[in-house]
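> The following file, my_file-v5.cif, comprises mmCIF, C-alpha atoms:
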```
data_work
#
loop_
_atom_site.group_PDB
_atom_site.id
_atom_site.type_symbol
_atom_site.label_atom_id
_atom_site.label_comp_id
_atom_site.auth_asym_id
_atom_site.auth_seq_id
_atom_site.Cartn_x
_atom_site.Cartn_y
_atom_site.Cartn_z
ATOM 1 C CA MET T 15 136.466 23.573 -83.032
ATOM 2 C CA SER T 16 134.975 21.843 -86.014
ATOM 3 C CA VAL T 17 131.496 22.566 -87.306
ATOM 4 C CA LEU T 18 130.437 19.080 -86.258
ATOM 5 C CA GLU T 19 131.552 19.737 -82.707
ATOM 6 C CA SER T 20 129.666 23.025 -82.708
ATOM 7 C CA VAL T 21 126.496 21.343 -83.965
ATOM 8 C CA ARG T 22 126.859 18.651 -81.278
ATOM 9 C CA LYS T 23 127.277 21.334 -78.579
ATOM 10 C CA VAL T 24 124.131 23.129 -79.749
ATOM 11 C CA GLN T 25 122.251 19.810 -79.927
ATOM 12 C CA GLY T 26 123.465 18.982 -76.411
ATOM 13 C CA ALA T 27 122.272 22.376 -75.163
ATOM 14 C CA GLU T 28 118.924 21.848 -76.867
ATOM 15 C CA ALA T 29 118.598 18.407 -75.269
ATOM 16 C CA GLU T 30 119.424 19.885 -71.870
ATOM 17 C CA ALA T 31 116.904 22.687 -72.462
ATOM 18 C CA GLY T 32 114.298 20.076 -73.420
ATOM 19 C CA ALA T 33 115.016 18.187 -70.210
ATOM 20 C CA ILE T 34 114.681 21.393 -68.156
ATOM 21 C CA VAL T 35 111.307 22.178 -69.748
ATOM 22 C CA ALA T 36 110.160 18.546 -69.409
ATOM 23 C CA SER T 37 111.148 18.563 -65.755
ATOM 24 C CA SER T 38 109.210 21.760 -65.194
ATOM 25 C CA HIS T 39 106.156 20.126 -66.825
ATOM 26 C CA ASP T 40 106.526 17.187 -64.432
ATOM 27 C CA GLN T 41 106.788 19.576 -61.477
ATOM 28 C CA ALA T 42 103.751 21.482 -62.708
ATOM 29 C CA ALA T 43 101.771 18.273 -63.082
ATOM 30 C CA GLU T 44 102.764 17.226 -59.555
ATOM 31 C CA GLU T 45 101.815 20.643 -58.231
ATOM 32 C CA LEU T 46 98.416 20.476 -59.902
ATOM 33 C CA ASP T 47 97.912 16.926 -58.647
ATOM 34 C CA ARG T 48 98.768 18.045 -55.098
ATOM 35 C CA ALA T 49 96.333 20.945 -55.433
ATOM 36 C CA GLN T 50 93.560 18.623 -56.645
ATOM 37 C CA ARG T 51 94.169 16.305 -53.704
ATOM 38 C CA GLU T 52 94.183 19.239 -51.277
ATOM 39 C CA ALA T 53 90.926 20.573 -52.740
ATOM 40 C CA ALA T 54 89.359 17.116 -52.425
ATOM 41 C CA ARG T 55 90.607 16.860 -48.827
ATOM 42 C CA LEU T 56 89.087 20.239 -48.003
ATOM 43 C CA VAL T 57 85.730 19.173 -49.453
ATOM 44 C CA ASP T 58 85.900 15.897 -47.514
ATOM 45 C CA ALA T 59 86.802 17.758 -44.357
ATOM 46 C CA ALA T 60 83.766 19.982 -44.928
ATOM 47 C CA ARG T 61 81.552 16.912 -44.400
ATOM 48 C CA ASP T 62 83.187 16.260 -41.035
ATOM 49 C CA ILE T 63 82.905 19.913 -40.082
ATOM 50 C CA ALA T 64 79.223 19.857 -41.065
ATOM 51 C CA ARG T 65 78.689 16.665 -39.039
ATOM 52 C CA GLU T 66 80.343 18.177 -35.987
ATOM 53 C CA GLY T 67 78.420 21.400 -36.521
ATOM 54 C CA PHE T 68 75.171 19.455 -36.727
ATOM 55 C CA ALA T 69 75.962 17.664 -33.449
ATOM 56 C CA ARG T 70 76.629 21.029 -31.802
ATOM 57 C CA LEU T 71 73.467 22.558 -33.260
ATOM 58 C CA ARG T 72 71.383 19.581 -32.153
ATOM 59 C CA GLU T 73 72.733 19.755 -28.640
ATOM 60 C CA GLN T 74 72.003 23.473 -28.508
ATOM 61 C CA ALA T 75 68.538 22.972 -30.012
ATOM 62 C CA LEU T 76 67.732 20.260 -27.466
ATOM 63 C CA ARG T 77 68.823 22.507 -24.613
ATOM 64 C CA GLU T 78 66.659 25.352 -25.959
ATOM 65 C CA GLU T 79 63.773 22.955 -26.508
ATOM 66 C CA GLU T 80 64.007 21.663 -22.938
ATOM 67 C CA ARG T 81 64.020 25.228 -21.685
ATOM 68 C CA ALA T 82 61.030 26.153 -23.874
ATOM 69 C CA ALA T 83 59.119 23.019 -22.846
ATOM 70 C CA GLY T 84 59.875 23.823 -19.214
ATOM 71 C CA ASP T 85 58.565 27.365 -19.719
ATOM 72 C CA ILE T 86 55.386 26.065 -21.353
ATOM 73 C CA ASN T 87 54.768 23.544 -18.551
ATOM 74 C CA GLU T 88 55.543 26.122 -15.903
ATOM 75 C CA ALA T 89 53.114 28.588 -17.524
ATOM 76 C CA ALA T 90 50.458 25.852 -17.603
ATOM 77 C CA ARG T 91 51.161 24.983 -13.956
ATOM 78 C CA VAL T 92 50.773 28.642 -12.955
ATOM 79 C CA GLU T 93 47.600 28.959 -15.041
ATOM 80 C CA MET T 94 46.158 25.806 -13.451
ATOM 81 C CA ALA T 95 46.990 27.034 -9.963
ATOM 82 C CA GLU T 96 45.234 30.307 -10.777
ATOM 83 C CA ILE T 97 42.229 28.415 -12.172
ATOM 84 C CA ARG T 98 42.012 26.271 -9.012
ATOM 85 C CA SER T 99 42.301 29.341 -6.833
ATOM 86 C CA ARG T 100 39.531 31.133 -8.726
ATOM 87 C CA ALA T 101 37.357 28.021 -8.656
ATOM 88 C CA ASP T 102 37.836 27.722 -4.883
ATOM 89 C CA ARG T 103 36.887 31.360 -4.475
ATOM 90 C CA ASN T 104 33.887 31.234 -6.819
ATOM 91 C CA ARG T 105 32.570 27.699 -6.210
ATOM 92 C CA ALA T 106 29.617 28.820 -4.097
ATOM 93 C CA ALA T 107 28.639 31.517 -6.615
ATOM 94 C CA ALA T 108 28.893 29.072 -9.542
ATOM 95 C CA THR T 109 26.795 26.509 -7.665
ATOM 96 C CA ALA T 110 24.234 29.195 -6.937
ATOM 97 C CA ALA T 111 24.223 30.264 -10.610
ATOM 98 C CA LEU T 112 23.560 26.728 -11.820
ATOM 99 C CA THR T 113 20.946 26.157 -9.130
ATOM 100 C CA GLU T 114 19.264 29.343 -10.334
ATOM 101 C CA LEU T 115 19.287 28.073 -13.937
ATOM 102 C CA VAL T 116 17.693 24.796 -12.827
ATOM 103 C CA ALA T 117 15.119 26.684 -10.801
ATOM 104 C CA ARG T 118 14.295 28.785 -13.846
ATOM 105 C CA VAL T 119 13.551 25.632 -15.844
ATOM 106 C CA ALA T 120 11.197 24.523 -13.093
ATOM 107 C CA GLU T 121 9.546 27.972 -12.963
ATOM 108 C CA ASN T 122 8.970 27.820 -16.681
ATOM 109 C CA GLY T 123 7.319 24.427 -16.325
ATOM 110 C CA GLY T 124 10.046 22.305 -17.871
ATOM 111 C CA MET H 22 127.290 35.184 -81.980
ATOM 112 C CA ALA H 23 129.767 32.850 -80.344
ATOM 113 C CA LEU H 24 128.813 29.249 -79.810
ATOM 114 C CA ALA H 25 128.968 29.655 -76.029
ATOM 115 C CA ASP H 26 126.469 32.514 -76.274
ATOM 116 C CA ILE H 27 124.136 30.357 -78.350
ATOM 117 C CA VAL H 28 124.326 27.539 -75.826
ATOM 118 C CA ASP H 29 123.776 29.963 -72.924
ATOM 119 C CA ARG H 30 120.834 31.504 -74.750
ATOM 120 C CA ILE H 31 119.249 28.094 -75.359
ATOM 121 C CA LEU H 32 119.618 27.144 -71.687
ATOM 122 C CA ALA H 33 118.471 30.582 -70.465
ATOM 123 C CA ASP H 34 115.345 30.402 -72.676
ATOM 124 C CA ALA H 35 114.652 26.908 -71.347
ATOM 125 C CA GLY H 36 115.031 28.223 -67.786
ATOM 126 C CA VAL H 37 112.624 31.096 -68.496
ATOM 127 C CA GLN H 38 110.127 28.713 -70.081
ATOM 128 C CA ALA H 39 110.454 26.280 -67.173
ATOM 129 C CA ASP H 40 109.904 29.120 -64.658
ATOM 130 C CA ARG H 41 106.818 30.242 -66.577
ATOM 131 C CA ILE H 42 105.446 26.693 -66.632
ATOM 132 C CA ARG H 43 106.025 26.322 -62.900
ATOM 133 C CA ALA H 44 104.547 29.753 -62.192
ATOM 134 C CA ASP H 45 101.472 28.948 -64.283
ATOM 135 C CA ALA H 46 101.090 25.635 -62.466
ATOM 136 C CA ALA H 47 101.454 27.356 -59.094
ATOM 137 C CA GLY H 48 98.770 29.852 -60.094
ATOM 138 C CA GLN H 49 96.438 27.107 -61.256
ATOM 139 C CA ALA H 50 97.160 25.069 -58.128
ATOM 140 C CA GLU H 51 96.323 28.025 -55.935
ATOM 141 C CA ALA H 52 93.112 28.567 -57.864
ATOM 142 C CA ILE H 53 92.187 24.894 -57.472
ATOM 143 C CA VAL H 54 92.831 24.964 -53.711
ATOM 144 C CA THR H 55 90.945 28.255 -53.350
ATOM 145 C CA ALA H 56 88.016 26.797 -55.295
ATOM 146 C CA GLY H 57 88.143 23.696 -53.088
ATOM 147 C CA ARG H 58 88.213 25.844 -49.963
ATOM 148 C CA LEU H 59 85.250 27.912 -51.208
ATOM 149 C CA GLU H 60 83.303 24.814 -52.169
ATOM 150 C CA ALA H 61 84.043 23.248 -48.789
ATOM 151 C CA ALA H 62 82.888 26.394 -46.989
ATOM 152 C CA ALA H 63 79.749 26.602 -49.140
ATOM 153 C CA ARG H 64 78.956 22.938 -48.529
ATOM 154 C CA THR H 65 79.497 23.321 -44.785
ATOM 155 C CA GLU H 66 77.331 26.412 -44.682
ATOM 156 C CA ALA H 67 74.586 24.778 -46.752
ATOM 157 C CA ALA H 68 74.673 21.592 -44.670
ATOM 158 C CA LEU H 69 74.543 23.543 -41.415
ATOM 159 C CA ALA H 70 71.735 25.755 -42.666
ATOM 160 C CA GLN H 71 69.784 22.684 -43.716
ATOM 161 C CA SER H 72 70.466 21.025 -40.358
ATOM 162 C CA ALA H 73 69.417 24.117 -38.452
ATOM 163 C CA GLU H 74 66.218 24.308 -40.473
ATOM 164 C CA ARG H 75 65.472 20.620 -39.878
ATOM 165 C CA LEU H 76 66.199 20.918 -36.150
ATOM 166 C CA GLU H 77 63.954 23.978 -35.973
ATOM 167 C CA VAL H 78 61.096 22.124 -37.682
ATOM 168 C CA GLU H 79 61.531 19.094 -35.419
ATOM 169 C CA ARG H 80 61.737 21.316 -32.346
ATOM 170 C CA ASN H 81 58.584 23.197 -33.323
ATOM 171 C CA ILE H 82 56.726 19.937 -33.862
ATOM 172 C CA ARG H 83 57.768 18.657 -30.447
ATOM 173 C CA LEU H 84 57.042 21.971 -28.731
ATOM 174 C CA SER H 85 53.621 22.205 -30.336
ATOM 175 C CA GLY H 86 52.975 18.765 -28.827
ATOM 176 C CA VAL H 87 54.055 20.062 -25.419
ATOM 177 C CA ARG H 88 51.850 23.136 -25.889
ATOM 178 C CA ARG H 89 48.913 20.947 -26.924
ATOM 179 C CA GLU H 90 49.362 18.705 -23.880
ATOM 180 C CA ALA H 91 49.598 21.703 -21.560
ATOM 181 C CA ARG H 92 46.468 23.233 -23.123
ATOM 182 C CA THR H 93 44.663 19.891 -22.859
ATOM 183 C CA ALA H 94 45.607 19.656 -19.175
ATOM 184 C CA VAL H 95 44.305 23.191 -18.521
ATOM 185 C CA LEU H 96 41.062 22.498 -20.395
ATOM 186 C CA ALA H 97 40.645 19.137 -18.640
ATOM 187 C CA LEU H 98 41.046 20.867 -15.276
ATOM 188 C CA LYS H 99 38.443 23.480 -16.213
ATOM 189 C CA ARG H 100 36.093 20.787 -17.493
ATOM 190 C CA ASP H 101 36.515 18.795 -14.256
ATOM 191 C CA LEU H 102 35.903 21.849 -12.088
ATOM 192 C CA VAL H 103 32.783 22.795 -14.074
ATOM 193 C CA ASN H 104 31.617 19.183 -13.932
ATOM 194 C CA ASP H 105 32.049 19.215 -10.142
ATOM 195 C CA ILE H 106 29.521 22.061 -9.999
ATOM 196 C CA PHE H 107 27.029 20.089 -12.087
ATOM 197 C CA VAL H 108 27.521 17.014 -9.866
ATOM 198 C CA GLN H 109 27.118 19.168 -6.753
ATOM 199 C CA VAL H 110 23.910 20.837 -7.963
ATOM 200 C CA GLU H 111 22.442 17.496 -9.062
ATOM 201 C CA LYS H 112 23.296 16.048 -5.636
ATOM 202 C CA ASP H 113 21.772 19.075 -3.909
ATOM 203 C CA LEU H 114 18.574 18.537 -5.905
ATOM 204 C CA VAL H 115 18.110 14.910 -4.962
ATOM 205 C CA ARG H 116 19.144 15.569 -1.356
ATOM 206 C CA ARG H 117 16.313 18.001 -0.809
ATOM 207 C CA SER H 118 13.488 16.703 1.365
ATOM 208 C CA PRO H 119 11.512 14.072 -0.581
ATOM 209 C CA GLU H 120 8.439 16.337 -0.624
ATOM 210 C CA GLU H 121 10.402 19.278 -1.970
ATOM 211 C CA TYR H 122 12.178 17.103 -4.525
ATOM 212 C CA ALA H 123 8.866 15.552 -5.648
ATOM 213 C CA MET H 124 7.427 19.040 -6.085
ATOM 214 C CA PHE H 125 10.459 20.091 -8.073
ATOM 215 C CA LEU H 126 10.053 17.109 -10.418
ATOM 216 C CA ALA H 127 6.361 17.913 -10.797
ATOM 217 C CA THR H 128 7.281 21.412 -11.970
ATOM 218 C CA LEU H 129 9.416 19.886 -14.717
ATOM 219 C CA VAL H 130 6.349 18.364 -16.383
ATOM 220 C CA PRO H 131 5.315 20.786 -19.140
ATOM 221 C CA ALA H 132 1.694 21.866 -19.167
ATOM 222 C CA GLU H 133 1.081 20.405 -22.645
ATOM 223 C CA VAL H 134 2.386 17.003 -21.491
ATOM 224 C CA ALA H 135 -0.011 17.105 -18.561
ATOM 225 C CA LYS H 136 -2.965 17.389 -20.953
ATOM 226 C CA VAL H 137 -2.637 13.827 -22.214
ATOM 227 C CA GLN H 138 -3.312 10.666 -20.279
ATOM 228 C CA SER H 139 0.095 9.256 -19.388
ATOM 229 C CA ALA H 140 2.083 6.762 -17.344
ATOM 230 C CA VAL H 141 4.817 8.133 -15.087
ATOM 231 C CA GLU H 142 8.024 6.178 -14.458
ATOM 232 C CA PHE H 143 10.443 6.812 -11.595
ATOM 233 C CA GLY H 144 14.223 6.907 -11.539
ATOM 234 C CA ARG H 145 15.919 3.841 -10.061
ATOM 235 C CA GLY H 146 18.157 5.917 -7.820
ATOM 236 C CA ASP H 147 15.260 8.015 -6.435
ATOM 237 C CA LEU H 148 13.259 4.922 -5.621
ATOM 238 C CA ALA H 149 16.220 3.234 -3.924
ATOM 239 C CA ARG H 150 17.062 6.392 -1.968
ATOM 240 C CA ILE H 151 13.594 7.434 -0.829
ATOM 241 C CA GLY H 152 11.854 4.057 -0.688
ATOM 242 C CA THR H 153 8.275 2.967 -1.185
ATOM 243 C CA GLY H 154 6.758 6.272 -0.069
ATOM 244 C CA TRP H 155 8.196 7.892 -3.191
ATOM 245 C CA HIS H 156 5.237 6.849 -5.388
ATOM 246 C CA GLY H 157 2.772 8.600 -3.117
ATOM 247 C CA LEU H 158 4.866 11.735 -2.798
ATOM 248 C CA VAL H 159 5.304 12.101 -6.540
ATOM 249 C CA GLY H 160 1.653 11.293 -7.193
ATOM 250 C CA ALA H 161 0.578 13.971 -4.735
ATOM 251 C CA ALA H 162 3.017 16.529 -6.155
ATOM 252 C CA LEU H 163 1.886 15.867 -9.748
ATOM 253 C CA ALA H 164 -1.752 16.092 -8.753
ATOM 254 C CA ARG H 165 -1.120 19.389 -6.992
ATOM 255 C CA ARG H 166 0.814 20.879 -9.887
ATOM 256 C CA HIS H 167 -1.476 19.551 -12.644
ATOM 257 C CA PRO H 168 -4.886 18.968 -11.033
ATOM 258 C CA ASP H 169 -6.591 17.978 -14.293
ATOM 259 C CA TRP H 170 -3.959 15.528 -15.463
ATOM 260 C CA ARG H 171 -4.939 11.873 -15.743
ATOM 261 C CA PHE H 172 -1.853 9.797 -15.108
ATOM 262 C CA THR H 173 -0.893 6.424 -13.697
ATOM 263 C CA LEU H 174 2.245 5.720 -11.649
ATOM 264 C CA SER H 175 4.388 2.889 -12.920
ATOM 265 C CA GLU H 176 5.268 0.196 -10.397
ATOM 266 C CA GLU H 177 8.621 -0.463 -12.049
ATOM 267 C CA SER H 178 11.470 2.021 -12.028
ATOM 268 C CA GLY H 179 12.872 3.184 -15.374
ATOM 269 C CA ASP H 180 16.408 2.706 -16.680
ATOM 270 C CA PHE H 181 17.511 6.118 -15.395
ATOM 271 C CA ASP H 182 18.696 7.354 -12.026
ATOM 272 C CA SER H 183 16.766 10.452 -11.011
ATOM 273 C CA GLY H 184 13.654 12.281 -12.117
ATOM 274 C CA LEU H 185 10.669 11.085 -14.122
ATOM 275 C CA ARG H 186 9.772 9.739 -17.509
ATOM 276 C CA VAL H 187 6.273 10.306 -18.886
ATOM 277 C CA ARG H 188 4.792 8.064 -21.569
ATOM 278 C CA ASP H 189 1.581 8.719 -23.450
ATOM 279 C CA ALA H 190 0.069 6.863 -26.389
ATOM 280 C CA HIS H 191 2.288 8.631 -28.864
ATOM 281 C CA SER H 192 5.489 9.714 -27.190
ATOM 282 C CA VAL H 193 7.918 9.517 -24.295
ATOM 283 C CA HIS H 194 9.004 12.642 -22.393
ATOM 284 C CA ASP H 195 12.315 12.207 -20.651
ATOM 285 C CA LEU H 196 12.197 14.374 -17.518
ATOM 286 C CA SER H 197 15.136 12.663 -15.833
ATOM 287 C CA LEU H 198 17.717 14.860 -14.153
ATOM 288 C CA GLU H 199 20.293 13.352 -16.531
ATOM 289 C CA MET H 200 18.318 14.711 -19.471
ATOM 290 C CA LEU H 201 17.559 18.018 -17.722
ATOM 291 C CA PHE H 202 21.292 18.688 -17.468
ATOM 292 C CA GLU H 203 22.308 16.965 -20.687
ATOM 293 C CA GLU H 204 19.977 19.022 -22.883
ATOM 294 C CA ARG H 205 21.185 22.321 -21.466
ATOM 295 C CA ARG H 206 24.715 21.402 -20.564
ATOM 296 C CA THR H 207 26.526 23.317 -23.321
ATOM 297 C CA ARG H 208 24.642 26.516 -22.555
ATOM 298 C CA TRP H 209 24.862 26.154 -18.788
ATOM 299 C CA GLU H 210 28.543 25.257 -18.858
ATOM 300 C CA VAL H 211 29.275 28.668 -20.360
ATOM 301 C CA VAL H 212 27.418 30.405 -17.533
ATOM 302 C CA VAL H 213 28.985 28.244 -14.815
ATOM 303 C CA ALA H 214 32.493 28.621 -16.250
ATOM 304 C CA LYS H 215 32.087 32.392 -16.471
ATOM 305 C CA VAL H 216 31.194 32.618 -12.775
ATOM 306 C CA LEU H 217 33.584 29.876 -11.600
ATOM 307 C CA PHE H 218 36.667 31.293 -13.315
ATOM 308 C CA ALA H 219 35.889 34.975 -12.826
ATOM 309 C CA PRO H 220 38.937 36.902 -11.536
#
```
What does the file become when written as structure tokens?

Amino acid sequence: MSVLESVRKVQGAEAEAGAIVASSHDQAAEELDRAQREAARLVDAARDIAREGFARLREQALREEERAAGDINEAARVEMAEIRSRADRNRAAATAALTELVARVAENGG
Amino acid sequence: MALADIVDRILADAGVQADRIRADAAGQAEAIVTAGRLEAAARTEAALAQSAERLEVERNIRLSGVRREARTAVLALKRDLVNDIFVQVEKDLVRRSPEEYAMFLATLVPAEVAKVQSAVEFGRGDLARIGTGWHGLVGAALARRHPDWRFTLSEESGDFDSGLRVRDAHSVHDLSLEMLFEERRTRWEVVVAKVLFAP
């Protein structure tokens, strides 16, 4: 083999090596590009997840609110029933108490 | 070194370098995806926390409205029930016998008012209810209660329902039942409510 042929063989090997390295750079770039797109997709998907989560939270909050409002109204209804019951029981005494206060004004001459 | 070895070495080095490049890229890609995943999770968590906080605030505002309405309804009921007592007692007063009612009104005239010459007006409702004899009854009751008082009885009824109004040269004394209750209402309501809502 002549020197020229040897040089050409080495140059050919170097060219092939360059192509291998270049190809690996392309693959790496593609890999990084894919990773960037995947990261962006995950962040986008997070918005949807948050939206769905919000809908779930709102539904749950509304159910709890309805329950709490029902409890408040029920407590008020019970309190009002108790107030009416006491008023029925004490009406005569309260009337007598106010009549007594009026009478006291009269006794004191206005 | 033989030529073949040199060529092999060149290609082997290129292979090693290419593997390293790919491995580095894979590592970076994994880091990018992991960072994306973490950011996505953080954003989701932050958005949900913010939503939960907002929903909680909105819920509390609405529930405080419900609480306020319930409290208002309870207070309105109490106020109505107390008011019923005032209405009842006022009715009881004017439904007494005319003589007794006239005497009661006479007792409302303070002694110092009865020292000054005055004109006495009647409530429209009293006059309509009891009729023309009302003047005489009130006159007699006032004369009995305050024998030295010089007063005249007005022919016209005043712009009030029940009770009397006394005018002298300098002032007007409102002795209507409306005023009797109005002036003392806040104080008396406390007493009535205490008895009415006692356990």
> Which one is closest to chain H: T:Arg70, T:Arg55, T:Arg118, T:Arg100? Count only C-alpha atoms.
T:Arg100
> By how many Å are atom CA of H:Glu66 and atom CA of H:Glu51 apart?
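Interatomic distance here is 22.1 Å.
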> Restricting the calculation to all atoms listed in the file: of H:Gln109, H:Thr55, H:Gln49, H:Ser183, which residue gets closest to H:Leu198?
H:Ser183
> Considering all atoms listed in the file, extract the chain H residues located within 7 Å of chain T and return them as an mmCIF file with C-alpha atoms, keeping the file's coordinate frame.

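Saved file part-v1.cif follows:
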```cif
data_model
loop_
_atom_site.group_PDB
_atom_site.id
_atom_site.type_symbol
_atom_site.label_atom_id
_atom_site.label_comp_id
_atom_site.auth_asym_id
_atom_site.auth_seq_id
_atom_site.Cartn_x
_atom_site.Cartn_y
_atom_site.Cartn_z
ATOM 1 C CA LEU H 24 128.813 29.249 -79.810
ATOM 2 C CA VAL H 28 124.326 27.539 -75.826
ATOM 3 C CA ILE H 31 119.249 28.094 -75.359
ATOM 4 C CA LEU H 32 119.618 27.144 -71.687
ATOM 5 C CA ALA H 35 114.652 26.908 -71.347
ATOM 6 C CA GLY H 36 115.031 28.223 -67.786
ATOM 7 C CA GLN H 38 110.127 28.713 -70.081
ATOM 8 C CA ALA H 39 110.454 26.280 -67.173
ATOM 9 C CA ILE H 42 105.446 26.693 -66.632
ATOM 10 C CA ARG H 43 106.025 26.322 -62.900
ATOM 11 C CA ALA H 46 101.090 25.635 -62.466
ATOM 12 C CA ALA H 47 101.454 27.356 -59.094
ATOM 13 C CA ALA H 50 97.160 25.069 -58.128
ATOM 14 C CA ILE H 53 92.187 24.894 -57.472
ATOM 15 C CA VAL H 54 92.831 24.964 -53.711
ATOM 16 C CA GLY H 57 88.143 23.696 -53.088
ATOM 17 C CA ARG H 58 88.213 25.844 -49.963
ATOM 18 C CA GLU H 60 83.303 24.814 -52.169
ATOM 19 C CA ALA H 61 84.043 23.248 -48.789
ATOM 20 C CA ALA H 62 82.888 26.394 -46.989
ATOM 21 C CA ARG H 64 78.956 22.938 -48.529
ATOM 22 C CA THR H 65 79.497 23.321 -44.785
ATOM 23 C CA ALA H 68 74.673 21.592 -44.670
ATOM 24 C CA LEU H 69 74.543 23.543 -41.415
ATOM 25 C CA SER H 72 70.466 21.025 -40.358
ATOM 26 C CA ALA H 73 69.417 24.117 -38.452
ATOM 27 C CA LEU H 76 66.199 20.918 -36.150
ATOM 28 C CA ARG H 80 61.737 21.316 -32.346
ATOM 29 C CA LEU H 84 57.042 21.971 -28.731
ATOM 30 C CA VAL H 87 54.055 20.062 -25.419
ATOM 31 C CA ARG H 88 51.850 23.136 -25.889
ATOM 32 C CA ALA H 91 49.598 21.703 -21.560
ATOM 33 C CA VAL H 95 44.305 23.191 -18.521
ATOM 34 C CA ILE H 106 29.521 22.061 -9.999
ATOM 35 C CA VAL H 110 23.910 20.837 -7.963
ATOM 36 C CA PHE H 125 10.459 20.091 -8.073
ATOM 37 C CA THR H 128 7.281 21.412 -11.970
ATOM 38 C CA LEU H 129 9.416 19.886 -14.717
ATOM 39 C CA VAL H 130 6.349 18.364 -16.383
ATOM 40 C CA PRO H 131 5.315 20.786 -19.140
ATOM 41 C CA ALA H 132 1.694 21.866 -19.167
ATOM 42 C CA VAL H 213 28.985 28.244 -14.815
ATOM 43 C CA VAL H 216 31.194 32.618 -12.775
ATOM 44 C CA LEU H 217 33.584 29.876 -11.600
ATOM 45 C CA PHE H 218 36.667 31.293 -13.315
ATOM 46 C CA ALA H 219 35.889 34.975 -12.826
ATOM 47 C CA PRO H 220 38.937 36.902 -11.536
#
```
> What gap, in Å, lies between atom CA of H:Leu148 and atom CA of H:Arg116?
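Distance reported for this atom pair: 12.9 Å.
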> Pick from H:Asp26, H:Asp169, H:Glu74, H:Glu176: nearest to H:Gln138, with only C-alpha atoms counted?
H:Asp169
> For this structure, which residues satisfy the selection - the PyMOL selection byres ((chain H and resi 196) around 8) - when it is evaluated on the file as given? I want them as an NGL selection string.
:H and (126 or 129-130 or 184-187 or 194-195 or 197-198 or 200-201)
> Where atoms are missing, can you supply all heavy atoms for stretch 37-41 of chain T and output the lot as a CSV table (one decimal), in the coordinates of the input?

```csv
chain,number,residue,atom,x,y,z
T,37,SER,N,111.1,18.7,-67.2
T,37,SER,CA,111.1,18.6,-65.8
T,37,SER,C,110.1,19.6,-65.1
T,37,SER,O,109.4,19.2,-64.2
T,37,SER,CB,112.6,18.8,-65.2
T,37,SER,OG,112.5,19.1,-63.9
T,38,SER,N,110.2,20.8,-65.7
T,38,SER,CA,109.2,21.8,-65.2
T,38,SER,C,107.8,21.3,-65.4
T,38,SER,O,106.9,21.6,-64.6
T,38,SER,CB,109.5,23.1,-65.8
T,38,SER,OG,109.1,23.2,-67.2
T,39,HIS,N,107.5,20.7,-66.6
T,39,HIS,CA,106.2,20.1,-66.8
T,39,HIS,C,105.8,19.1,-65.8
T,39,HIS,O,104.7,19.1,-65.3
T,39,HIS,CB,106.1,19.5,-68.2
T,39,HIS,CG,105.8,20.5,-69.3
T,39,HIS,ND1,104.7,21.3,-69.3
T,39,HIS,CD2,106.5,20.8,-70.4
T,39,HIS,CE1,104.7,22.1,-70.4
T,39,HIS,NE2,105.8,21.8,-71.1
T,40,ASP,N,106.8,18.2,-65.5
T,40,ASP,CA,106.5,17.2,-64.4
T,40,ASP,C,106.2,17.9,-63.1
T,40,ASP,O,105.3,17.5,-62.4
T,40,ASP,CB,107.8,16.3,-64.3
T,40,ASP,CG,107.9,15.4,-65.5
T,40,ASP,OD1,107.0,15.3,-66.3
T,40,ASP,OD2,109.0,14.7,-65.6
T,41,GLN,N,107.0,18.9,-62.8
T,41,GLN,CA,106.8,19.6,-61.5
T,41,GLN,C,105.4,20.2,-61.5
T,41,GLN,O,104.7,20.2,-60.5
T,41,GLN,CB,107.9,20.6,-61.3
T,41,GLN,CG,109.2,20.1,-60.9
T,41,GLN,CD,110.3,21.1,-60.9
T,41,GLN,OE1,110.1,22.3,-61.2
T,41,GLN,NE2,111.5,20.7,-60.6
```
